[in-house]
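**Student:** The following file, target-v4.txt, comprises compact mmCIF, C-alpha atoms:
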# COMPACT_ATOMS: atom_id res chain seq x y z
CA MET A 1 90.84 112.12 53.43
CA TYR A 2 91.28 108.79 51.66
CA ILE A 3 94.30 106.61 52.36
CA LEU A 4 95.36 103.55 50.40
CA LYS A 5 97.62 101.07 52.11
CA SER A 6 99.59 98.26 50.55
CA GLN A 7 102.37 96.04 51.81
CA HIS A 8 105.14 93.84 50.54
CA SER A 9 108.12 92.08 52.08
CA PHE A 10 111.72 91.23 51.36
CA ASP A 11 114.03 88.69 53.02
CA SER A 12 117.57 89.91 53.30
CA ALA A 13 120.63 90.16 55.48
CA HIS A 14 122.28 93.13 57.16
CA PHE A 15 124.46 94.08 60.09
CA LEU A 16 124.98 97.21 62.11
CA ALA A 17 128.64 98.18 62.24
CA ASN A 18 129.76 99.63 65.59
CA TYR A 19 126.67 98.28 67.35
CA GLU A 20 127.09 96.73 70.77
CA GLY A 21 124.88 93.66 70.71
CA LYS A 22 123.74 90.84 68.47
CA CYS A 23 122.88 93.16 65.55
CA LYS A 24 126.59 93.64 64.82
CA ASN A 25 126.53 90.14 63.32
CA ILE A 26 125.42 89.42 59.79
CA HIS A 27 121.83 88.35 60.32
CA GLY A 28 118.55 88.52 58.47
CA HIS A 29 114.99 89.72 58.64
CA ARG A 30 111.81 89.48 56.75
CA TRP A 31 111.27 93.19 56.39
CA LYS A 32 107.60 93.95 55.84
CA VAL A 33 106.97 97.38 54.39
CA GLU A 34 103.61 99.12 54.46
CA VAL A 35 103.06 102.20 52.33
CA GLU A 36 100.17 104.62 52.76
CA VAL A 37 99.32 107.13 50.06
CA GLN A 38 96.63 109.73 50.46
CA SER A 39 94.23 111.89 48.53
CA GLU A 40 91.52 114.34 49.49
CA THR A 41 89.36 113.20 46.60
CA LEU A 42 88.74 110.14 44.46
CA ILE A 43 88.97 109.81 40.71
CA LYS A 44 85.49 110.50 39.37
CA GLU A 45 85.41 108.82 35.97
CA GLY A 46 86.87 106.20 33.71
CA LYS A 47 88.34 102.86 34.61
CA ASN A 48 89.60 104.12 38.00
CA ASP A 49 86.35 105.81 39.04
CA GLY A 50 86.00 105.68 42.83
CA MET A 51 89.70 105.06 43.49
CA VAL A 52 92.64 107.01 44.89
CA ILE A 53 94.78 105.11 42.40
CA ASP A 54 94.53 101.60 41.01
CA PHE A 55 95.75 99.24 43.76
CA SER A 56 97.61 97.20 41.16
CA ASP A 57 99.73 100.21 40.16
CA LEU A 58 100.63 100.94 43.77
CA LYS A 59 101.49 97.29 44.41
CA LYS A 60 103.62 97.13 41.28
CA ASP A 61 105.65 100.18 42.27
CA LEU A 62 106.07 99.00 45.85
CA ARG A 63 107.21 95.56 44.74
CA ARG A 64 109.70 96.88 42.22
CA MET A 65 111.24 99.14 44.87
CA LEU A 66 111.50 96.35 47.46
CA ASN A 67 112.52 93.53 45.15
CA ALA A 68 115.77 95.40 44.53
CA PHE A 69 116.64 94.59 48.15
CA ASP A 70 115.31 91.04 48.21
CA HIS A 71 117.61 88.12 49.03
CA ALA A 72 120.61 90.39 49.27
CA LEU A 73 123.22 91.35 51.82
CA ILE A 74 122.60 95.01 52.54
CA ILE A 75 125.76 96.90 53.44
CA GLN A 76 126.20 100.49 54.50
CA LYS A 77 128.89 101.86 52.18
CA GLY A 78 132.25 101.70 53.89
CA SER A 79 131.12 99.65 56.88
CA MET A 80 132.65 96.33 55.78
CA ARG A 81 136.36 95.64 55.28
CA ARG A 82 137.09 96.18 51.60
CA GLU A 83 138.78 92.79 51.22
CA THR A 84 135.83 90.91 52.70
CA GLN A 85 133.32 92.68 50.50
CA LYS A 86 135.48 92.04 47.42
CA CYS A 87 135.52 88.29 48.16
CA LEU A 88 131.74 88.19 48.65
CA MET A 89 131.20 89.95 45.35
CA GLU A 90 133.57 87.60 43.56
CA ASP A 91 131.56 84.75 45.02
CA ALA A 92 128.55 86.25 43.22
CA PHE A 93 126.48 86.99 46.32
CA LYS A 94 123.92 89.73 45.74
CA ILE A 95 125.03 92.80 47.62
CA VAL A 96 123.14 96.08 47.91
CA GLU A 97 125.12 99.06 49.13
CA VAL A 98 123.24 101.83 50.84
CA THR A 99 124.45 105.24 51.97
CA PHE A 100 122.74 104.95 55.36
CA ARG A 101 123.01 102.67 58.35
CA PRO A 102 120.41 99.98 57.60
CA THR A 103 118.12 100.51 60.59
CA ALA A 104 114.33 100.25 60.34
CA GLU A 105 114.15 104.01 60.91
CA ASN A 106 116.50 104.82 58.04
CA PHE A 107 114.74 102.34 55.74
CA SER A 108 111.40 103.97 56.47
CA TYR A 109 112.76 107.41 55.52
CA TYR A 110 114.50 106.02 52.43
CA PHE A 111 111.37 104.27 51.13
CA PHE A 112 109.28 107.36 51.91
CA THR A 113 111.45 109.55 49.72
CA GLU A 114 111.64 106.93 46.96
CA MET A 115 107.85 106.68 46.78
CA GLU A 116 107.62 110.48 46.71
CA LYS A 117 110.02 110.55 43.78
CA MET A 118 107.57 108.26 41.94
CA GLY A 119 104.95 110.97 42.37
CA TYR A 120 102.93 109.54 45.25
CA ASP A 121 101.46 111.71 48.01
CA VAL A 122 102.94 109.50 50.72
CA LYS A 123 101.38 109.64 54.16
CA ARG A 124 103.45 107.07 55.98
CA ILE A 125 105.95 104.26 55.52
CA LYS A 126 106.07 101.55 58.15
CA VAL A 127 108.95 99.07 58.18
CA TYR A 128 108.65 95.92 60.29
CA GLU A 129 112.02 94.46 61.16
CA THR A 130 110.26 91.70 63.07
CA PRO A 131 106.52 91.06 63.50
CA ASN A 132 106.74 92.81 66.88
CA ASN A 133 108.92 95.80 66.08
CA SER A 134 108.44 98.45 63.46
CA ALA A 135 109.51 101.96 62.57
CA VAL A 136 107.45 104.62 60.85
CA TYR A 137 108.40 107.72 58.96
CA GLU A 138 105.68 110.25 58.27
CA LYS A 139 105.59 113.96 57.56
CA MET B 1 108.53 112.33 62.33
CA TYR B 2 109.90 108.91 63.26
CA ILE B 3 107.83 106.49 65.29
CA LEU B 4 109.02 103.26 66.86
CA LYS B 5 106.45 100.64 67.70
CA SER B 6 106.86 97.60 69.89
CA GLN B 7 104.41 95.18 71.44
CA HIS B 8 104.18 92.68 74.22
CA SER B 9 101.38 90.71 75.85
CA PHE B 10 100.23 89.47 79.21
CA ASP B 11 97.68 86.81 80.12
CA SER B 12 95.65 87.67 83.15
CA ALA B 13 92.23 87.72 84.74
CA HIS B 14 89.92 90.56 85.63
CA PHE B 15 86.29 91.42 86.16
CA LEU B 16 84.22 94.57 85.92
CA ALA B 17 82.28 95.20 89.10
CA ASN B 18 78.80 96.64 88.54
CA TYR B 19 78.84 95.67 84.88
CA GLU B 20 75.68 94.21 83.38
CA GLY B 21 76.89 91.35 81.20
CA LYS B 22 79.43 88.58 81.03
CA CYS B 23 82.35 90.85 81.98
CA LYS B 24 81.12 90.94 85.59
CA ASN B 25 82.51 87.42 85.95
CA ILE B 26 86.14 86.68 86.66
CA HIS B 27 87.48 85.97 83.20
CA GLY B 28 90.73 86.39 81.30
CA HIS B 29 92.30 87.94 78.26
CA ARG B 30 95.54 87.92 76.42
CA TRP B 31 96.07 91.66 76.53
CA LYS B 32 98.36 92.75 73.73
CA VAL B 33 99.88 96.18 74.25
CA GLU B 34 101.47 98.23 71.50
CA VAL B 35 103.54 101.26 72.40
CA GLU B 36 104.57 103.96 69.94
CA VAL B 37 107.30 106.45 70.81
CA GLN B 38 108.27 109.30 68.55
CA SER B 39 111.12 111.59 67.68
CA GLU B 40 111.59 114.34 65.11
CA THR B 41 115.19 113.27 64.57
CA LEU B 42 117.39 110.21 64.77
CA ILE B 43 120.53 109.69 66.80
CA LYS B 44 123.41 110.67 64.52
CA GLU B 45 126.44 108.86 65.96
CA GLY B 46 127.70 106.03 68.08
CA LYS B 47 126.22 102.61 68.54
CA ASN B 48 122.63 103.88 68.07
CA ASP B 49 123.32 105.90 64.94
CA GLY B 50 120.21 105.96 62.75
CA MET B 51 117.81 105.02 65.57
CA VAL B 52 115.11 106.75 67.61
CA ILE B 53 116.22 104.55 70.48
CA ASP B 54 117.60 101.03 70.60
CA PHE B 55 114.63 98.67 70.03
CA SER B 56 115.99 96.37 72.71
CA ASP B 57 115.77 99.12 75.35
CA LEU B 58 112.18 99.91 74.40
CA LYS B 59 111.24 96.23 74.47
CA LYS B 60 112.89 95.73 77.83
CA ASP B 61 110.99 98.62 79.41
CA LEU B 62 107.69 97.54 77.87
CA ARG B 63 108.12 93.97 79.05
CA ARG B 64 109.06 94.94 82.57
CA MET B 65 105.97 97.14 82.83
CA LEU B 66 103.64 94.45 81.49
CA ASN B 67 105.17 91.45 83.23
CA ALA B 68 104.07 92.97 86.54
CA PHE B 69 100.50 92.22 85.40
CA ASP B 70 101.16 88.81 83.85
CA HIS B 71 99.36 85.72 85.14
CA ALA B 72 97.62 87.70 87.83
CA LEU B 73 94.10 88.50 88.90
CA ILE B 74 93.74 92.24 88.40
CA ILE B 75 91.36 93.85 90.87
CA GLN B 76 90.16 97.41 91.10
CA LYS B 77 90.80 98.44 94.70
CA GLY B 78 87.65 98.02 96.73
CA SER B 79 85.66 96.21 94.07
CA MET B 80 85.91 92.72 95.61
CA ARG B 81 84.49 91.67 98.96
CA ARG B 82 87.33 91.97 101.50
CA GLU B 83 86.87 88.43 102.78
CA THR B 84 87.08 86.88 99.32
CA GLN B 85 90.20 88.80 98.42
CA LYS B 86 91.81 87.85 101.74
CA CYS B 87 91.18 84.17 101.01
CA LEU B 88 92.64 84.43 97.51
CA MET B 89 95.76 86.10 98.87
CA GLU B 90 96.17 83.46 101.58
CA ASP B 91 95.93 80.88 98.80
CA ALA B 92 98.96 82.59 97.25
CA PHE B 93 97.30 83.63 94.02
CA LYS B 94 99.04 86.58 92.38
CA ILE B 95 96.84 89.62 92.71
CA VAL B 96 97.47 93.07 91.27
CA GLU B 97 95.39 95.89 92.69
CA VAL B 98 94.80 98.90 90.48
CA THR B 99 93.15 102.21 91.30
CA PHE B 100 91.07 102.22 88.11
CA ARG B 101 88.39 100.02 86.63
CA PRO B 102 90.36 97.57 84.49
CA THR B 103 88.89 98.44 81.07
CA ALA B 104 91.00 98.54 77.91
CA GLU B 105 90.55 102.31 77.85
CA ASN B 106 91.86 102.79 81.39
CA PHE B 107 94.76 100.41 80.78
CA SER B 108 95.77 102.38 77.69
CA TYR B 109 95.86 105.62 79.69
CA TYR B 110 97.70 103.97 82.58
CA PHE B 111 100.42 102.47 80.36
CA PHE B 112 100.73 105.77 78.49
CA THR B 113 101.52 107.67 81.68
CA GLU B 114 103.84 104.93 82.94
CA MET B 115 105.91 105.04 79.73
CA GLU B 116 106.03 108.84 79.95
CA LYS B 117 107.37 108.57 83.49
CA MET B 118 110.22 106.45 82.07
CA GLY B 119 111.12 109.41 79.87
CA TYR B 120 109.63 108.31 76.56
CA ASP B 121 107.95 110.70 74.14
CA VAL B 122 104.88 108.48 73.86
CA LYS B 123 102.67 108.90 70.81
CA ARG B 124 100.11 106.21 71.45
CA ILE B 125 99.30 103.14 73.52
CA LYS B 126 97.00 100.54 72.04
CA VAL B 127 95.57 97.81 74.25
CA TYR B 128 93.94 94.79 72.62
CA GLU B 129 91.53 93.04 74.92
CA THR B 130 90.78 90.53 72.17
CA PRO B 131 92.29 90.28 68.68
CA ASN B 132 89.21 92.12 67.35
CA ASN B 133 88.79 94.85 69.94
CA SER B 134 91.26 97.45 71.12
CA ALA B 135 91.44 100.79 72.85
CA VAL B 136 93.93 103.57 72.18
CA TYR B 137 95.04 106.50 74.27
CA GLU B 138 96.97 109.24 72.52
CA LYS B 139 97.54 112.92 73.19
CA MET C 1 91.98 111.21 73.18
CA TYR C 2 90.56 107.71 73.54
CA ILE C 3 89.87 105.56 70.48
CA LEU C 4 87.96 102.30 70.40
CA LYS C 5 88.54 99.97 67.49
CA SER C 6 86.48 97.00 66.44
CA GLN C 7 86.38 94.88 63.31
CA HIS C 8 84.12 92.53 61.46
CA SER C 9 84.13 90.91 58.02
CA PHE C 10 81.81 89.94 55.24
CA ASP C 11 82.32 87.59 52.29
CA SER C 12 80.69 88.77 49.12
CA ALA C 13 81.03 89.21 45.39
CA HIS C 14 81.36 92.31 43.27
CA PHE C 15 82.73 93.54 39.96
CA LEU C 16 83.91 96.87 38.64
CA ALA C 17 82.11 97.80 35.45
CA ASN C 18 84.31 99.55 32.88
CA TYR C 19 87.48 98.45 34.64
CA GLU C 20 90.36 97.26 32.50
CA GLY C 21 91.70 94.21 34.32
CA LYS C 22 90.61 91.20 36.30
CA CYS C 23 88.30 93.21 38.59
CA LYS C 24 85.78 93.56 35.76
CA ASN C 25 84.84 89.93 36.40
CA ILE C 26 82.42 88.87 39.10
CA HIS C 27 84.76 87.89 41.90
CA GLY C 28 84.78 87.92 45.66
CA HIS C 29 86.58 89.17 48.70
CA ARG C 30 86.57 88.78 52.40
CA TRP C 31 86.17 92.43 53.21
CA LYS C 32 87.44 93.17 56.70
CA VAL C 33 86.19 96.44 58.11
CA GLU C 34 87.75 98.22 61.07
CA VAL C 35 85.90 101.07 62.72
CA GLU C 36 87.48 103.54 65.12
CA VAL C 37 85.34 105.77 67.30
CA GLN C 38 86.76 108.44 69.54
CA SER C 39 86.09 110.41 72.67
CA GLU C 40 88.03 112.99 74.64
CA THR C 41 86.73 111.55 77.90
CA LEU C 42 85.50 108.32 79.38
CA ILE C 43 82.19 107.58 81.02
CA LYS C 44 82.71 108.17 84.75
CA GLU C 45 79.99 106.14 86.43
CA GLY C 46 77.56 103.28 86.19
CA LYS C 47 77.96 100.03 84.32
CA ASN C 48 80.12 101.64 81.59
CA ASP C 49 82.47 103.47 83.96
CA GLY C 50 85.92 103.74 82.36
CA MET C 51 84.68 103.15 78.81
CA VAL C 52 84.21 105.19 75.66
CA ILE C 53 81.23 102.99 74.95
CA ASP C 54 80.48 99.37 75.71
CA PHE C 55 82.47 97.29 73.19
CA SER C 56 79.51 94.98 72.78
CA ASP C 57 77.29 97.85 71.57
CA LEU C 58 79.88 98.95 69.03
CA LYS C 59 80.34 95.38 67.81
CA LYS C 60 76.62 94.86 67.51
CA ASP C 61 76.15 97.98 65.39
CA LEU C 62 79.14 97.17 63.20
CA ARG C 63 77.94 93.63 62.59
CA ARG C 64 74.41 94.64 61.76
CA MET C 65 75.69 97.13 59.20
CA LEU C 66 78.07 94.63 57.57
CA ASN C 67 75.83 91.59 57.70
CA ALA C 68 73.49 93.34 55.28
CA PHE C 69 76.27 92.90 52.68
CA ASP C 70 77.32 89.38 53.64
CA HIS C 71 77.15 86.54 51.13
CA ALA C 72 75.65 88.79 48.51
CA LEU C 73 76.47 89.97 45.03
CA ILE C 74 77.04 93.72 45.35
CA ILE C 75 76.06 95.65 42.24
CA GLN C 76 76.41 99.32 41.48
CA LYS C 77 72.96 100.41 40.35
CA GLY C 78 72.76 100.39 36.58
CA SER C 79 76.11 98.69 36.00
CA MET C 80 74.70 95.26 35.06
CA ARG C 81 72.53 94.50 32.06
CA ARG C 82 68.91 94.60 33.26
CA GLU C 83 68.07 91.19 31.85
CA THR C 84 71.00 89.49 33.59
CA GLN C 85 70.17 91.06 36.94
CA LYS C 86 66.52 90.09 36.54
CA CYS C 87 67.51 86.45 35.99
CA LEU C 88 69.81 86.43 39.01
CA MET C 89 67.04 87.82 41.21
CA GLU C 90 64.54 85.30 39.91
CA ASP C 91 67.09 82.62 40.82
CA ALA C 92 66.90 83.95 44.40
CA PHE C 93 70.51 85.03 44.69
CA LYS C 94 71.03 87.72 47.34
CA ILE C 95 71.80 90.97 45.59
CA VAL C 96 72.68 94.28 47.22
CA GLU C 97 72.45 97.33 45.03
CA VAL C 98 74.60 100.32 45.93
CA THR C 99 74.67 103.79 44.46
CA PHE C 100 78.47 103.89 44.27
CA ARG C 101 81.13 101.91 42.45
CA PRO C 102 82.04 99.20 44.97
CA THR C 103 85.71 100.06 45.49
CA ALA C 104 87.39 99.83 48.88
CA GLU C 105 87.61 103.63 48.92
CA ASN C 106 83.90 104.11 48.34
CA PHE C 107 83.00 101.43 50.90
CA SER C 108 85.15 103.17 53.51
CA TYR C 109 83.33 106.45 52.94
CA TYR C 110 79.94 104.74 52.91
CA PHE C 111 80.52 102.89 56.20
CA PHE C 112 81.95 106.08 57.74
CA THR C 113 78.77 108.00 57.05
CA GLU C 114 76.56 105.10 58.13
CA MET C 115 78.30 104.88 61.51
CA GLU C 116 78.01 108.65 61.89
CA LYS C 117 74.26 108.39 61.28
CA MET C 118 74.11 105.95 64.21
CA GLY C 119 75.53 108.72 66.40
CA TYR C 120 79.16 107.62 66.64
CA ASP C 121 82.05 110.09 66.64
CA VAL C 122 83.87 108.15 63.92
CA LYS C 123 87.59 108.69 63.56
CA ARG C 124 88.37 106.28 60.77
CA ILE C 125 87.02 103.40 58.72
CA LYS C 126 89.49 100.98 57.19
CA VAL C 127 88.31 98.49 54.58
CA TYR C 128 90.57 95.58 53.67
CA GLU C 129 89.80 94.18 50.25
CA THR C 130 92.60 91.66 50.72
CA PRO C 131 94.87 91.12 53.72
CA ASN C 132 97.52 93.19 51.93
CA ASN C 133 95.46 96.05 50.55
CA SER C 134 93.18 98.43 52.37
CA ALA C 135 91.55 101.80 52.04
CA VAL C 136 90.83 104.30 54.79
CA TYR C 137 88.43 107.19 55.03
CA GLU C 138 88.94 109.66 57.84
CA LYS C 139 88.02 113.28 58.41
If you took the structure in this file and wrote it as structure tokens, what would it be?
**Tutor:**
Amino acid sequence: MYILKSQHSFDSAHFLANYEGKCKNIHGHRWKVEVEVQSETLIKEGKNDGMVIDFSDLKKDLRRMLNAFDHALIIQKGSMRRETQKCLMEDAFKIVEVTFRPTAENFSYYFFTEMEKMGYDVKRIKVYETPNNSAVYEK
Amino acid sequence: MYILKSQHSFDSAHFLANYEGKCKNIHGHRWKVEVEVQSETLIKEGKNDGMVIDFSDLKKDLRRMLNAFDHALIIQKGSMRRETQKCLMEDAFKIVEVTFRPTAENFSYYFFTEMEKMGYDVKRIKVYETPNNSAVYEK
Amino acid sequence: MYILKSQHSFDSAHFLANYEGKCKNIHGHRWKVEVEVQSETLIKEGKNDGMVIDFSDLKKDLRRMLNAFDHALIIQKGSMRRETQKCLMEDAFKIVEVTFRPTAENFSYYFFTEMEKMGYDVKRIKVYETPNNSAVYEK
């Protein structure tokens, strides 16, 4: 089995509503995301001979997915007071609403399914919330 | 499957009795230990909604386990001359006796079983003896 | 299961013939190679008690294998014009010919089989072409 791994990062803000501890505050991380895609065989001819897929294609897709979250305030839908969120949006801050609580675990599952939708045979998504702590989703 | 990974380090001394090579000397490492715990599902409500377990709990347990070894001379029971060890203890040096030869492999197994005793579903323990060399125990 | 992991690097040049993109040029990488070897049990006596294998033996074998590629121009046999290659060799540049297209995927498979030939129970070879992009071969 061959596995290609690529990584990219985004620097954003989030908070965990109803959390008891410092993560209930609006704070930020440099989320590093590693994607692994797999294949039993390699391409055998043409410009991508000897590859699972061209690294540059994988990197491009990973970056596009993550850049949508970059330098934003990530908010679980319904977890911030409507009035506050309205003010922030009027102030032109970039806000990304997600349907899940923005934990590393939920991000890993979300990015896994997004990469699958792009047609990749995804083995594993690892999301680092800090250099020392990460969550993985794999099948 | 979701996997949470955390890491912590300790800086200590050890030696390998009966080894032929430089490791027979008392020397030191910065042992970095990575723990991975797993769960098929995430918590679905309350303050830990969307988590395998609160990262801060995992970190706290990992640190407590490793800090017991930090800044100590780790000795396999019976592998140092009794008189020498007695002198070192009278000199108030911190000494940790273990029942196994203190190799990276044995440490990985030891920490694996210790984390299991705390109730974790442990996937893997990785012990770095140097940044370039590590040992893993997994089931 | 116990797994030992070691790594070493080499700094060389290569190019991908028939590639559409910047990799068709002669360029270089610091290829970092991680090898993982596995064993269900540990050695139970003697100088290697508590080990899968002596780290220093594994490192020595890994380095010898990789140093053969270090500071060389790696060329897939037949992918460079004969006259050009002849000139380069007359100019005393170190050239390593390989029978495969020198992609990270093919290197990972090649090093996997080479380590197996040395008698190791290889679990995985990971080849970093850049710090952000790597390929793995595993069984």
**Student:** Counting all atoms listed in the file, which residues from chain C have an atom at most 10 Å from any atom of chain A, and could you show them as a VMD selection string?
**Tutor:** chain C and resid 16 to 21 24 100 to 109 124 to 128 130 to 139
**Student:** Could I get chain C fitted onto chain A (least squares, all C-alpha atoms, in order) as a short mmCIF file (atom, residue, chain, number, x, y, z; two decimals) with C-alpha atoms, in the frame of the given file?
**Tutor:**
data_model
loop_
_atom_site.label_atom_id
_atom_site.label_comp_id
_atom_site.auth_asym_id
_atom_site.auth_seq_id
_atom_site.Cartn_x
_atom_site.Cartn_y
_atom_site.Cartn_z
CA MET C 1 90.84 112.16 53.43
CA TYR C 2 91.28 108.83 51.66
CA ILE C 3 94.30 106.62 52.36
CA LEU C 4 95.36 103.56 50.41
CA LYS C 5 97.62 101.07 52.12
CA SER C 6 99.59 98.27 50.55
CA GLN C 7 102.37 96.04 51.80
CA HIS C 8 105.13 93.84 50.52
CA SER C 9 108.13 92.08 52.07
CA PHE C 10 111.70 91.22 51.35
CA ASP C 11 114.03 88.71 53.01
CA SER C 12 117.58 89.91 53.30
CA ALA C 13 120.64 90.15 55.49
CA HIS C 14 122.28 93.12 57.14
CA PHE C 15 124.46 94.07 60.10
CA LEU C 16 124.98 97.21 62.11
CA ALA C 17 128.63 98.17 62.24
CA ASN C 18 129.74 99.60 65.60
CA TYR C 19 126.65 98.27 67.34
CA GLU C 20 127.09 96.72 70.76
CA GLY C 21 124.88 93.64 70.70
CA LYS C 22 123.73 90.83 68.46
CA CYS C 23 122.88 93.15 65.54
CA LYS C 24 126.58 93.62 64.81
CA ASN C 25 126.53 90.13 63.31
CA ILE C 26 125.41 89.42 59.77
CA HIS C 27 121.83 88.34 60.30
CA GLY C 28 118.56 88.52 58.45
CA HIS C 29 115.01 89.72 58.62
CA ARG C 30 111.81 89.49 56.74
CA TRP C 31 111.27 93.19 56.37
CA LYS C 32 107.60 93.96 55.81
CA VAL C 33 106.96 97.39 54.38
CA GLU C 34 103.60 99.13 54.44
CA VAL C 35 103.06 102.21 52.32
CA GLU C 36 100.16 104.62 52.75
CA VAL C 37 99.31 107.13 50.05
CA GLN C 38 96.63 109.75 50.45
CA SER C 39 94.23 111.90 48.52
CA GLU C 40 91.52 114.37 49.48
CA THR C 41 89.36 113.20 46.60
CA LEU C 42 88.73 110.16 44.47
CA ILE C 43 88.96 109.81 40.72
CA LYS C 44 85.46 110.51 39.38
CA GLU C 45 85.38 108.82 35.99
CA GLY C 46 86.83 106.20 33.72
CA LYS C 47 88.29 102.85 34.65
CA ASN C 48 89.56 104.13 38.04
CA ASP C 49 86.32 105.82 39.08
CA GLY C 50 85.98 105.69 42.87
CA MET C 51 89.69 105.08 43.50
CA VAL C 52 92.63 107.02 44.87
CA ILE C 53 94.75 105.08 42.43
CA ASP C 54 94.51 101.59 41.03
CA PHE C 55 95.73 99.22 43.78
CA SER C 56 97.58 97.19 41.19
CA ASP C 57 99.70 100.21 40.17
CA LEU C 58 100.60 100.95 43.78
CA LYS C 59 101.47 97.30 44.41
CA LYS C 60 103.59 97.13 41.30
CA ASP C 61 105.63 100.19 42.27
CA LEU C 62 106.05 99.00 45.85
CA ARG C 63 107.21 95.57 44.75
CA ARG C 64 109.68 96.88 42.22
CA MET C 65 111.23 99.12 44.86
CA LEU C 66 111.49 96.34 47.46
CA ASN C 67 112.53 93.54 45.14
CA ALA C 68 115.77 95.40 44.51
CA PHE C 69 116.65 94.59 48.15
CA ASP C 70 115.33 91.03 48.21
CA HIS C 71 117.63 88.11 49.02
CA ALA C 72 120.62 90.38 49.26
CA LEU C 73 123.22 91.33 51.81
CA ILE C 74 122.61 95.02 52.54
CA ILE C 75 125.78 96.90 53.43
CA GLN C 76 126.22 100.49 54.49
CA LYS C 77 128.90 101.85 52.19
CA GLY C 78 132.27 101.69 53.89
CA SER C 79 131.13 99.66 56.89
CA MET C 80 132.68 96.34 55.78
CA ARG C 81 136.37 95.67 55.32
CA ARG C 82 137.13 96.16 51.62
CA GLU C 83 138.81 92.79 51.24
CA THR C 84 135.87 90.90 52.72
CA GLN C 85 133.36 92.68 50.51
CA LYS C 86 135.53 92.05 47.46
CA CYS C 87 135.55 88.31 48.21
CA LEU C 88 131.79 88.19 48.69
CA MET C 89 131.25 89.94 45.36
CA GLU C 90 133.65 87.61 43.58
CA ASP C 91 131.62 84.74 45.05
CA ALA C 92 128.59 86.23 43.25
CA PHE C 93 126.53 86.97 46.33
CA LYS C 94 123.95 89.71 45.74
CA ILE C 95 125.04 92.80 47.61
CA VAL C 96 123.15 96.07 47.91
CA GLU C 97 125.13 99.04 49.11
CA VAL C 98 123.25 101.84 50.83
CA THR C 99 124.45 105.22 51.98
CA PHE C 100 122.72 104.95 55.36
CA ARG C 101 123.00 102.65 58.35
CA PRO C 102 120.39 99.97 57.60
CA THR C 103 118.10 100.50 60.60
CA ALA C 104 114.33 100.25 60.34
CA GLU C 105 114.14 104.01 60.91
CA ASN C 106 116.49 104.82 58.05
CA PHE C 107 114.75 102.35 55.72
CA SER C 108 111.39 103.99 56.46
CA TYR C 109 112.76 107.40 55.52
CA TYR C 110 114.49 106.02 52.43
CA PHE C 111 111.37 104.26 51.11
CA PHE C 112 109.29 107.36 51.91
CA THR C 113 111.44 109.55 49.71
CA GLU C 114 111.64 106.92 46.97
CA MET C 115 107.85 106.68 46.77
CA GLU C 116 107.62 110.47 46.72
CA LYS C 117 110.02 110.55 43.76
CA MET C 118 107.58 108.26 41.93
CA GLY C 119 104.94 110.97 42.35
CA TYR C 120 102.94 109.54 45.25
CA ASP C 121 101.47 111.72 48.00
CA VAL C 122 102.95 109.50 50.71
CA LYS C 123 101.40 109.66 54.15
CA ARG C 124 103.46 107.08 55.96
CA ILE C 125 105.94 104.25 55.51
CA LYS C 126 106.07 101.55 58.15
CA VAL C 127 108.94 99.07 58.17
CA TYR C 128 108.64 95.92 60.26
CA GLU C 129 112.01 94.46 61.15
CA THR C 130 110.23 91.71 63.07
CA PRO C 131 106.51 91.08 63.48
CA ASN C 132 106.72 92.81 66.87
CA ASN C 133 108.91 95.79 66.08
CA SER C 134 108.44 98.45 63.46
CA ALA C 135 109.50 101.95 62.57
CA VAL C 136 107.44 104.62 60.84
CA TYR C 137 108.40 107.73 58.95
CA GLU C 138 105.68 110.26 58.26
CA LYS C 139 105.60 113.97 57.56
#
**Student:** Just to confirm, what's the straight-line distance from CA of Met89 (chain A) to CA of Leu73 (chain A) in Å (one decimal)?
**Tutor:**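 One can read the CA of Met89 (chain A) to CA of Leu73 (chain A) distance as 10.4 Å.
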**Student:** Taking only C-alpha atoms into account, which of C:Thr99, C:Ser79, C:Ser9, C:Asn25 comes nearest Leu66 (chain C)?
**Tutor:** C:Ser9
**Student:** What is the distance between CA of Asp54 (chain B) and CA of Arg30 (chain A), in Å to one decimal?
**Tutor:**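 That distance, rounded to one decimal, is 18.9 Å.
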**Student:** Can you tell me how far CA of Trp31 (chain A) sits from CA of Glu129 (chain A), in Å to one decimal?
**Tutor:**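 Straight-line distance from CA of Trp31 (chain A) to CA of Glu129 (chain A) works out to 5.0 Å.
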**Student:** With all atoms listed in the file as the atoms that count, which of B:Arg82, B:Phe111, B:Glu97, B:Leu88 lies nearest to Val33 (chain B)?
**Tutor:**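 Using all atoms listed in the file, the shortest distance to Val33 (chain B) belongs to B:Phe111.
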**Student:** I want to know what sits within 12 Å of Lys94 (chain A), based on all atoms listed in the file, with residues of the same chain fewer than 6 positions away left out; could you give that as a PDB file with C-alpha atoms, keeping the file's coordinate frame?
**Tutor:**
ATOM      1  CA  SER A  12     117.570  89.910  53.300  1.00  0.00           C
ATOM      2  CA  ALA A  13     120.630  90.160  55.480  1.00  0.00           C
ATOM      3  CA  ALA A  68     115.770  95.400  44.530  1.00  0.00           C
ATOM      4  CA  PHE A  69     116.640  94.590  48.150  1.00  0.00           C
ATOM      5  CA  ASP A  70     115.310  91.040  48.210  1.00  0.00           C
ATOM      6  CA  HIS A  71     117.610  88.120  49.030  1.00  0.00           C
ATOM      7  CA  ALA A  72     120.610  90.390  49.270  1.00  0.00           C
ATOM      8  CA  LEU A  73     123.220  91.350  51.820  1.00  0.00           C
ATOM      9  CA  ILE A  74     122.600  95.010  52.540  1.00  0.00           C
ATOM     10  CA  ILE A  75     125.760  96.900  53.440  1.00  0.00           C
ATOM     11  CA  GLN A  85     133.320  92.680  50.500  1.00  0.00           C
ATOM     12  CA  LYS A  86     135.480  92.040  47.420  1.00  0.00           C
ATOM     13  CA  CYS A  87     135.520  88.290  48.160  1.00  0.00           C
ATOM     14  CA  LEU A  88     131.740  88.190  48.650  1.00  0.00           C
TER      15      LEU A  88
END
